[in-house]
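This report concerns only the one structure given below.
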Amino acid sequence: MTQWTTELLDTFAAAEADGVEDEYLRLVGALWKDGALTESAPAAVPSVVTKLGEVGEDRVGRLLILLGLLIEAEAPVEGAVYTAARAGLDRYLALLDGRADGEPLTLALVYLLSHFPDDRSRILAAVAGLDLGPDDRSRLDRGLQRLNPADPAGVSLGRTWPSPAEWTTMTEADHAFDQSWISKLTPEQLAKRWYDDTVMVLTYSGGKAHWALRHGRPTVVGDTSVHRDARERPDAGDIDAEAFARHAGILRCPDCGGGLTFGGTEIHCARCGTEHPVRLGVLDLLPDGESMFGGADDAMAKAASMKTVGHFYETVARPGFLRLVGSNWGGEVTPADEDRYLTERLGRVDGTVLDLGAGAGRWTAVIADAVGPERVIALDPNLAMLSWLRRRSPEVACVQASALALPFADDSLAAVNCWNALQAMPDARAAIGEVARCLRPGGIMTVMTYRLSPDPVYRYFQTTSSWPGHPDGLDLYTEEQIRSWLAEAGLTVREAATPGAMLMLTAERP
Ligand SMILES: C[S@@+](CC[C@H](N)C(=O)[O-])C[C@H]1O[C@@H](n2cnc3c(N)ncnc32)[C@H](O)[C@@H]1O
């Protein structure tokens with residue numbers, strides 16, 4: 001422990017209330033940087049643990065989070081930091097006394113305790129009286145499990161977002177499907193997937209506690225829209241060629257830019273002759289050989305082949321994503337707010353509206369209600385999501401394609417909605433350029449996406465988990481970056497709002 005880190009700890013402990021955050025970040029910065037330990041960190045851990053007994057409640061939670069960050073920075077190794085942090089277990093458990101579920105300090109304790117699988121039974125016994133909700137409890141439980149590579153049949157992978165408790169209704173067929181790919185993983189792949197899942201539960205719990213310590217108890221917002229649930233609807237079945245033919249004037253071949261010809265269910269490029277197949281009622285206009293998912297062992301890609309993945313995505317995974325990545329723990333943005341935003345901006349547009357990165361279609365249905373389904377095209381590279389979209393909106397033309405090579409003529413679209421999707425794309429700047437090319441003058445782009453947090457600790461929680469197409473974590477952007485790409489593409493921002501860590505904006509091609 002250097003003199004410097006002792007001083008930083010003391011200054012943090014003694015800081016005035018309005019200086020706590022700055023002093024905390026100085027302390028964190030001395031021990032941890034962007035997910036890695038600094039040289040001073042291992043020796044400082046015992047003093048951080050001791051300090052827990054000397055500071056007020058507004059700082060205890062911050063120190064607990066710092067300890068969790070330090071253990072994660074050392075992981076998957078469990079070395080000096082793990083051992084020194086674990087030595088404080090009695091103190092952490094004592095802090096649980098008198099706590100209740102949902103309190104910020106409880107959340108910070110649950111986050112830190114999730115790092116000690118060696119003390120699993122003791123910790124679970126200690127939290128038993130807290131009556132934790134199923135999500136927090138299941139994340140804690142998963143953090144306290146160790147991988148048993150000798151029993152791959154008993155290993156569950158890719159079922160932790162936003163909590164293992166959300167995956168308890170899986171069918172036998174789902175489990176069998178999981179086992180079919182898990183059993184083929186090498187020991188290294190198994191360990192890597194397990195570790196990725198662990199990071200997912202820890203960063204979610206950490207982000208939640210971090211937010212709660214600054215804003216109070218998180219709240220959960222429900223979705224009251226008629227579009228909420230498409231489970232009772234039948235599969236939409238085969239193509240209605242009309243759905244594509246009415247867009248014949250603007251659809252283009254992704255390989256050569258030629259126009260398309262529509263004969264019965266056959267769709268060809270009039271210029272290069274390529275046939276563009278239709279599967280599950282979705283027209284495949286992906287550029288030759290392009291695939292959304294990375295490797296064959298992409299766990300989330302595997303999950304996407306579950307039949308009800310669209311429903312799970314919209315009702316469980318997406319709200320969790322808005323909470324952690326969008327800092328929407330207080331429910332600043334509700335599904336009804338999103339519906340209103342889209343209806344008000346797109347409802348007055350005259351012409352074809354593209355829903356870019358439409359996913360499972362809950363918000364495509366809102367646009368279709370606002371402008372009429374015959375004027376909407378839904379585009380996404382993920383066929384599993386689009387087949388779910390078709391249940392709700394069978395009249396909407398569905399195209400499997402990439403934002404990086406939009407299969408539309410120049411100046412052809414009245415509006416493009418890119419809702420909760422820019423951050424999922426491999427090159428957001430290129431996607432914005434493509435949107436601008438396809439928008440006609442006066443056309444608008446509506447966007448909801450996320451802003452990279454200026455706070456390095458929250459930023460770590462926001463971006464560290466791996467996602468389909470983003471195995472090394474999320475690339476989030478600042479508002480300035482997104483605005484500069486819009487300007488570079490010739491789009492003018494007409495309005496922008498920044499609730500939580502989100503960005504909702506409307507831009508126009510003048
Ligand atoms: C988080 S989902 C958003 C779905 C929906 N718009 C919503 O608001 O819930 C992001 C979507 O972007 C899609 N996506 C990823 N890469 C893309 C690309 N290159 N072009 C178009 N969409 C892409 C994904 O397949 C996914 O369905």
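Residues are referred to by chain and number: the chain letter is A, B, ... according to the order shown in the structure tokens, the number counts from 1 in that chain, and ligands are numbered separately from 1 in the order shown.
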So that each row is one residue of chain A with an atom at most 8 Å from ligand 1, can you give its shortest atom pair and the distance in Å to one decimal, using only C-alpha atoms and all ligand atoms, rows by chain and rising number, as a tab-separated table?
residue	atom	partner	partner_atom_place_in_ligand_line	distance
A:Met292	CA	ligand 1	16 (N)	6.1
A:Tyr313	CA	ligand 1	9 (O)	7.8
A:Glu314	CA	ligand 1	9 (O)	6.3
A:Arg318	CA	ligand 1	9 (O)	6.5
A:Asp355	CA	ligand 1	6 (N)	7.3
A:Leu356	CA	ligand 1	21 (C)	5.9
A:Gly357	CA	ligand 1	22 (N)	3.7
A:Ala358	CA	ligand 1	6 (N)	4.0
A:Gly359	CA	ligand 1	27 (O)	3.4
A:Ala360	CA	ligand 1	4 (C)	6.2
A:Gly361	CA	ligand 1	5 (C)	6.3
A:Arg362	CA	ligand 1	9 (O)	6.8
A:Trp363	CA	ligand 1	8 (O)	6.0
A:Thr364	CA	ligand 1	6 (N)	7.5
A:Leu379	CA	ligand 1	21 (C)	6.5
A:Asp380	CA	ligand 1	22 (N)	4.4
A:Pro381	CA	ligand 1	25 (O)	5.2
A:Asn382	CA	ligand 1	25 (O)	4.7
A:Met385	CA	ligand 1	27 (O)	6.3
A:Ala401	CA	ligand 1	20 (N)	6.4
A:Ser402	CA	ligand 1	20 (N)	3.6
A:Ala403	CA	ligand 1	20 (N)	3.7
A:Leu404	CA	ligand 1	19 (N)	5.7
A:Cys418	CA	ligand 1	6 (N)	6.5
A:Trp419	CA	ligand 1	6 (N)	4.4
A:Asn420	CA	ligand 1	8 (O)	4.5
A:Ala421	CA	ligand 1	10 (C)	4.0
A:Leu422	CA	ligand 1	12 (O)	7.0
A:Gln423	CA	ligand 1	10 (C)	7.6
A:Ala424	CA	ligand 1	15 (C)	4.8
A:Met425	CA	ligand 1	16 (N)	4.0
A:Pro426	CA	ligand 1	19 (N)	5.9
A:Asp427	CA	ligand 1	19 (N)	7.5
A:Ala431	CA	ligand 1	20 (N)	7.6
A:Met448	CA	ligand 1	8 (O)	8.0
A:Gly469	CA	ligand 1	16 (N)	7.5
Can I get the selection written as a compact mmCIF listing (two decimals), in the first residue's frame, with N, CA and C atoms?
# COMPACT_ATOMS: atom_id res chain seq x y z
N MET A 292 -24.78 -12.59 -39.72
CA MET A 292 -24.72 -11.69 -38.58
C MET A 292 -23.82 -12.20 -37.47
N TYR A 313 -36.97 -12.01 -26.19
CA TYR A 313 -36.18 -10.81 -26.46
C TYR A 313 -36.96 -9.55 -26.05
N GLU A 314 -38.22 -9.48 -26.49
CA GLU A 314 -38.96 -8.23 -26.29
C GLU A 314 -39.43 -8.02 -24.86
N ARG A 318 -34.74 -7.33 -23.76
CA ARG A 318 -34.66 -5.93 -24.17
C ARG A 318 -34.83 -4.96 -23.00
N ASP A 355 -38.05 0.08 -41.28
CA ASP A 355 -37.66 -0.18 -39.88
C ASP A 355 -36.36 -0.98 -39.94
N LEU A 356 -35.27 -0.31 -39.65
CA LEU A 356 -33.93 -0.86 -39.85
C LEU A 356 -33.44 -1.52 -38.55
N GLY A 357 -33.13 -2.81 -38.61
CA GLY A 357 -32.79 -3.53 -37.38
C GLY A 357 -34.08 -3.75 -36.60
N ALA A 358 -35.12 -4.22 -37.32
CA ALA A 358 -36.47 -4.29 -36.76
C ALA A 358 -36.60 -5.35 -35.68
N GLY A 359 -35.71 -6.35 -35.69
CA GLY A 359 -35.75 -7.39 -34.67
C GLY A 359 -37.05 -8.17 -34.70
N ALA A 360 -37.64 -8.38 -33.53
CA ALA A 360 -38.83 -9.23 -33.42
C ALA A 360 -40.12 -8.46 -33.67
N GLY A 361 -40.04 -7.15 -33.92
CA GLY A 361 -41.16 -6.44 -34.52
C GLY A 361 -42.16 -5.76 -33.61
N ARG A 362 -41.94 -5.75 -32.31
CA ARG A 362 -42.89 -5.09 -31.41
C ARG A 362 -43.05 -3.61 -31.80
N TRP A 363 -41.95 -2.97 -32.21
CA TRP A 363 -42.03 -1.54 -32.56
C TRP A 363 -42.34 -1.34 -34.04
N THR A 364 -42.08 -2.36 -34.85
CA THR A 364 -42.52 -2.29 -36.25
C THR A 364 -44.04 -2.23 -36.29
N LEU A 379 -36.47 -4.62 -41.88
CA LEU A 379 -35.18 -5.18 -42.33
C LEU A 379 -34.35 -5.60 -41.13
N ASP A 380 -33.79 -6.78 -41.21
CA ASP A 380 -32.91 -7.29 -40.15
C ASP A 380 -32.13 -8.47 -40.73
N PRO A 381 -30.89 -8.71 -40.29
CA PRO A 381 -30.18 -9.90 -40.79
C PRO A 381 -30.59 -11.18 -40.09
N ASN A 382 -31.36 -11.07 -38.99
CA ASN A 382 -31.64 -12.24 -38.16
C ASN A 382 -33.01 -12.84 -38.51
N MET A 385 -35.59 -13.65 -35.63
CA MET A 385 -36.32 -12.48 -35.14
C MET A 385 -37.39 -12.08 -36.15
N ALA A 401 -31.45 -8.44 -44.55
CA ALA A 401 -30.41 -7.67 -45.24
C ALA A 401 -29.56 -6.98 -44.20
N SER A 402 -28.54 -6.25 -44.66
CA SER A 402 -27.65 -5.56 -43.74
C SER A 402 -27.74 -4.06 -43.93
N ALA A 403 -27.65 -3.35 -42.81
CA ALA A 403 -27.65 -1.89 -42.84
C ALA A 403 -26.44 -1.36 -43.60
N LEU A 404 -25.41 -2.19 -43.74
CA LEU A 404 -24.19 -1.69 -44.38
C LEU A 404 -24.26 -1.75 -45.90
N CYS A 418 -34.40 3.59 -36.84
CA CYS A 418 -33.32 2.70 -36.38
C CYS A 418 -33.42 2.68 -34.86
N TRP A 419 -34.22 1.76 -34.35
CA TRP A 419 -34.67 1.80 -32.95
C TRP A 419 -33.94 0.75 -32.14
N ASN A 420 -33.11 1.20 -31.23
CA ASN A 420 -32.38 0.27 -30.37
C ASN A 420 -31.53 -0.68 -31.22
N ALA A 421 -30.94 -0.18 -32.27
CA ALA A 421 -30.24 -1.08 -33.19
C ALA A 421 -28.86 -0.57 -33.63
N LEU A 422 -28.63 0.74 -33.58
CA LEU A 422 -27.34 1.26 -34.07
C LEU A 422 -26.16 0.61 -33.35
N GLN A 423 -26.33 0.40 -32.04
CA GLN A 423 -25.25 -0.18 -31.23
C GLN A 423 -25.02 -1.65 -31.55
N ALA A 424 -25.99 -2.29 -32.25
CA ALA A 424 -25.85 -3.72 -32.58
C ALA A 424 -25.15 -3.91 -33.91
N MET A 425 -24.97 -2.82 -34.64
CA MET A 425 -24.44 -2.96 -36.00
C MET A 425 -22.92 -2.95 -36.02
N PRO A 426 -22.33 -3.62 -37.00
CA PRO A 426 -20.88 -3.71 -37.00
C PRO A 426 -20.19 -2.38 -37.30
N ASP A 427 -20.89 -1.45 -37.97
CA ASP A 427 -20.26 -0.17 -38.32
C ASP A 427 -21.37 0.89 -38.38
N ALA A 431 -23.55 2.59 -41.48
CA ALA A 431 -25.01 2.40 -41.55
C ALA A 431 -25.70 3.75 -41.72
N MET A 448 -33.22 5.47 -31.67
CA MET A 448 -33.01 5.32 -30.23
C MET A 448 -31.79 4.43 -30.06
N GLY A 469 -22.38 -10.91 -32.28
CA GLY A 469 -21.68 -9.98 -33.16
C GLY A 469 -20.70 -9.08 -32.44
* To do: Would you kindly return, as a ChimeraX atom specification, each protein, DNA or RNA residue with an atom no farther than 7 Å from any atom of A:Val221, considering only C-alpha atoms and excluding same-chain residues fewer than 2 positions away?
  => /A:219,223,331,334
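Nearest residue to A:Ala497, choosing from A:Asp472, A:Asp410, A:Asp58, A:Glu332 and counting only C-alpha atoms: A:Glu332.
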Give me the stretch 178-275 of chain A side of the contact with stretch 95-116 of chain A, cut-off 7 Å, one line per residue showing its nearest atom pair and distance in Å at one decimal, counting only C-alpha atoms, sorted by chain and residue number, as JSON lines.
{"residue": "A:Leu202", "atom": "CA", "partner": "A:Tyr111", "partner_atom": "CA", "distance": 6.7}
{"residue": "A:Ser205", "atom": "CA", "partner": "A:Tyr111", "partner_atom": "CA", "distance": 5.4}
{"residue": "A:Gly206", "atom": "CA", "partner": "A:Tyr111", "partner_atom": "CA", "distance": 5.7}
{"residue": "A:Ala209", "atom": "CA", "partner": "A:Ala108", "partner_atom": "CA", "distance": 4.9}
{"residue": "A:Ala212", "atom": "CA", "partner": "A:Pro104", "partner_atom": "CA", "distance": 4.9}
{"residue": "A:Leu213", "atom": "CA", "partner": "A:Pro104", "partner_atom": "CA", "distance": 5.1}
{"residue": "A:Gly216", "atom": "CA", "partner": "A:Pro104", "partner_atom": "CA", "distance": 6.2}
{"residue": "A:Arg217", "atom": "CA", "partner": "A:Gly102", "partner_atom": "CA", "distance": 6.0}
* To do: Pick out the residues sitting within 10 Å of stretch 476-483 of chain A, and hand them over as a list in words; count only C-alpha atoms, and ignore anything fewer than 6 positions along from it in its own chain.
  =>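 Listed by chain and then number, they are Val325, Leu422, Gln423, Ala424, Ala428, Arg429, Ile432, Thr449, Tyr450, Arg451, Leu452, Ser453, Pro454, Arg459, Gln462, Thr463, Ala489, Leu491, Thr492, Val493, Ala496, Thr498, Ala501, Met502, Leu503, Leu505 and Ala507 of chain A.
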* **Exercise: A:Ala41 partners within 10 Å, only C-alpha atoms, chain neighbours under 2 positions left out, as an MDAnalysis selection string** => chainID A and resid 1:2 5 28 30:32 36:39 43:46 48 70 80:81
* Selected residue of minimal separation from A:Ser156 among A:Pro117, A:Ala191, A:His215, A:Pro456, counting only C-alpha atoms ->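 Using only C-alpha atoms, A:Ser156 sits closest to A:Ala191.
Among the candidate residues A:Glu72, A:Asp197, A:Asp229, A:Asp288, the one lying nearest to A:Cys256 is A:Asp288, with distances computed using only C-alpha atoms.
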* Asked: How would you write, as number ranges by chain, the set of residues in stretch 237-461 of chain A that DSSP gives as strand (DSSP E or B)?
  -> A: 251-252, 259-263, 266-269, 275, 278-279, 282-284, 353-356, 376-379, 397-400, 408, 413-419, 439-451
Could you dump the residues just selected with C-alpha atoms as an mmCIF file, in the first residue's frame?
data_model
loop_
_atom_site.group_PDB
_atom_site.id
_atom_site.type_symbol
_atom_site.label_atom_id
_atom_site.label_comp_id
_atom_site.auth_asym_id
_atom_site.auth_seq_id
_atom_site.Cartn_x
_atom_site.Cartn_y
_atom_site.Cartn_z
ATOM 1 C CA LEU A 251 -35.822 -2.503 -53.854
ATOM 2 C CA ARG A 252 -32.375 -3.205 -55.281
ATOM 3 C CA GLY A 259 -33.623 -3.577 -59.920
ATOM 4 C CA LEU A 260 -35.539 -6.750 -58.989
ATOM 5 C CA THR A 261 -38.114 -8.655 -61.022
ATOM 6 C CA PHE A 262 -41.012 -10.420 -59.309
ATOM 7 C CA GLY A 263 -42.502 -13.498 -60.961
ATOM 8 C CA GLU A 266 -39.377 -16.023 -57.686
ATOM 9 C CA ILE A 267 -37.437 -12.849 -57.196
ATOM 10 C CA HIS A 268 -34.429 -12.125 -59.425
ATOM 11 C CA CYS A 269 -32.039 -9.291 -60.078
ATOM 12 C CA GLU A 275 -31.961 -15.221 -57.461
ATOM 13 C CA VAL A 278 -37.635 -16.195 -49.773
ATOM 14 C CA ARG A 279 -37.566 -18.180 -46.528
ATOM 15 C CA VAL A 282 -38.710 -13.200 -45.657
ATOM 16 C CA LEU A 283 -36.875 -11.978 -48.760
ATOM 17 C CA ASP A 284 -33.146 -12.666 -48.482
ATOM 18 C CA VAL A 353 -40.869 3.779 -43.979
ATOM 19 C CA LEU A 354 -37.994 1.376 -43.332
ATOM 20 C CA ASP A 355 -37.658 -0.179 -39.884
ATOM 21 C CA LEU A 356 -33.928 -0.864 -39.850
ATOM 22 C CA VAL A 376 -43.558 -0.342 -44.036
ATOM 23 C CA ILE A 377 -40.515 -2.501 -44.810
ATOM 24 C CA ALA A 378 -38.872 -4.348 -41.926
ATOM 25 C CA LEU A 379 -35.184 -5.178 -42.326
ATOM 26 C CA ALA A 397 -42.701 -6.718 -46.229
ATOM 27 C CA CYS A 398 -39.809 -8.392 -44.428
ATOM 28 C CA VAL A 399 -36.284 -8.283 -45.774
ATOM 29 C CA GLN A 400 -33.231 -10.072 -44.450
ATOM 30 C CA PHE A 408 -32.770 0.281 -51.750
ATOM 31 C CA LEU A 413 -37.293 6.233 -48.568
ATOM 32 C CA ALA A 414 -39.502 8.720 -46.736
ATOM 33 C CA ALA A 415 -38.242 7.654 -43.307
ATOM 34 C CA VAL A 416 -35.880 5.212 -41.658
ATOM 35 C CA ASN A 417 -36.399 4.129 -38.081
ATOM 36 C CA CYS A 418 -33.325 2.704 -36.381
ATOM 37 C CA TRP A 419 -34.670 1.796 -32.950
ATOM 38 C CA LEU A 439 -33.516 8.828 -47.691
ATOM 39 C CA ARG A 440 -35.141 11.197 -50.098
ATOM 40 C CA PRO A 441 -34.788 14.952 -49.520
ATOM 41 C CA GLY A 442 -37.057 15.872 -46.619
ATOM 42 C CA GLY A 443 -36.913 12.277 -45.353
ATOM 43 C CA ILE A 444 -36.338 11.662 -41.657
ATOM 44 C CA MET A 445 -34.388 9.202 -39.521
ATOM 45 C CA THR A 446 -35.621 8.334 -36.026
ATOM 46 C CA VAL A 447 -33.059 6.799 -33.691
ATOM 47 C CA MET A 448 -33.013 5.318 -30.234
ATOM 48 C CA THR A 449 -29.621 4.139 -29.073
ATOM 49 C CA TYR A 450 -27.226 4.404 -26.141
ATOM 50 C CA ARG A 451 -24.542 6.814 -25.017
#
* To do: Using only C-alpha atoms, find the one residue out of A:Ser466, A:Ser393, A:Ser484, A:Thr315 that sits nearest to A:Ala243.
  =>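 Of all the options, A:Ser393 lies closest to A:Ala243.
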* Give me, please, the distance in Å between atom CA of A:Pro373 and atom CA of A:Ala245, quoted to one decimal. =>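 Atom-to-atom, atom CA of A:Pro373 and atom CA of A:Ala245 are spaced 14.1 Å apart.
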* Nearest residue to A:Tyr460 from the set A:Lys33, A:His175, A:Lys51, A:Arg390 (distances using only C-alpha atoms) -> A:Lys33
* Asked: What is the atom CA of A:Cys438-atom CA of A:Glu488 distance in Å, reported with one decimal?
  ->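 Atom CA of A:Cys438 sits 14.9 Å away from atom CA of A:Glu488.
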* Would you list, as a PyMOL selection string, the residues of stretch 404-455 of chain A that end up in helix (DSSP H, G or I) under DSSP run on this structure's backbone? => chain A and resi 404-405+422-424+428-438
Using N, CA and C atoms, can you export the residues from the last selection as a tab-separated table (two decimals), in the first residue's frame?
chain	number	residue	atom	x	y	z
A	404	LEU	N	-25.41	-2.19	-43.74
A	404	LEU	CA	-24.19	-1.69	-44.38
A	404	LEU	C	-24.26	-1.75	-45.90
A	405	ALA	N	-25.30	-2.42	-46.41
A	405	ALA	CA	-25.51	-2.48	-47.86
A	405	ALA	C	-27.02	-2.49	-48.06
A	422	LEU	N	-28.63	0.74	-33.58
A	422	LEU	CA	-27.34	1.26	-34.07
A	422	LEU	C	-26.16	0.61	-33.35
A	423	GLN	N	-26.33	0.40	-32.04
A	423	GLN	CA	-25.25	-0.18	-31.23
A	423	GLN	C	-25.02	-1.65	-31.55
A	424	ALA	N	-25.99	-2.29	-32.25
A	424	ALA	CA	-25.85	-3.72	-32.58
A	424	ALA	C	-25.15	-3.91	-33.91
A	428	ALA	N	-21.60	1.54	-37.23
A	428	ALA	CA	-22.73	2.47	-37.12
A	428	ALA	C	-22.56	3.65	-38.09
A	429	ARG	N	-21.33	4.08	-38.25
A	429	ARG	CA	-21.08	5.22	-39.12
A	429	ARG	C	-21.46	4.89	-40.57
A	430	ALA	N	-21.06	3.68	-41.02
A	430	ALA	CA	-21.39	3.26	-42.38
A	430	ALA	C	-22.90	3.09	-42.54
A	431	ALA	N	-23.55	2.59	-41.48
A	431	ALA	CA	-25.01	2.40	-41.55
A	431	ALA	C	-25.70	3.75	-41.72
A	432	ILE	N	-25.23	4.75	-40.98
A	432	ILE	CA	-25.84	6.08	-41.09
A	432	ILE	C	-25.62	6.63	-42.51
A	433	GLY	N	-24.45	6.38	-43.08
A	433	GLY	CA	-24.18	6.81	-44.45
A	433	GLY	C	-25.15	6.16	-45.43
A	434	GLU	N	-25.41	4.88	-45.22
A	434	GLU	CA	-26.34	4.16	-46.10
A	434	GLU	C	-27.76	4.71	-45.95
A	435	VAL	N	-28.15	5.00	-44.71
A	435	VAL	CA	-29.49	5.57	-44.49
A	435	VAL	C	-29.62	6.89	-45.25
A	436	ALA	N	-28.60	7.72	-45.14
A	436	ALA	CA	-28.65	9.04	-45.79
A	436	ALA	C	-28.74	8.87	-47.32
A	437	ARG	N	-28.04	7.90	-47.85
A	437	ARG	CA	-28.10	7.65	-49.30
A	437	ARG	C	-29.53	7.29	-49.74
A	438	CYS	N	-30.21	6.49	-48.92
A	438	CYS	CA	-31.53	5.99	-49.32
A	438	CYS	C	-32.67	6.96	-48.99
* Kindly give the distance, in Å, that separates atom CA of A:Ala126 and atom CA of A:Gln145, rounded to a single decimal. =>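 For atom CA of A:Ala126 relative to atom CA of A:Gln145, the distance reads 16.3 Å.
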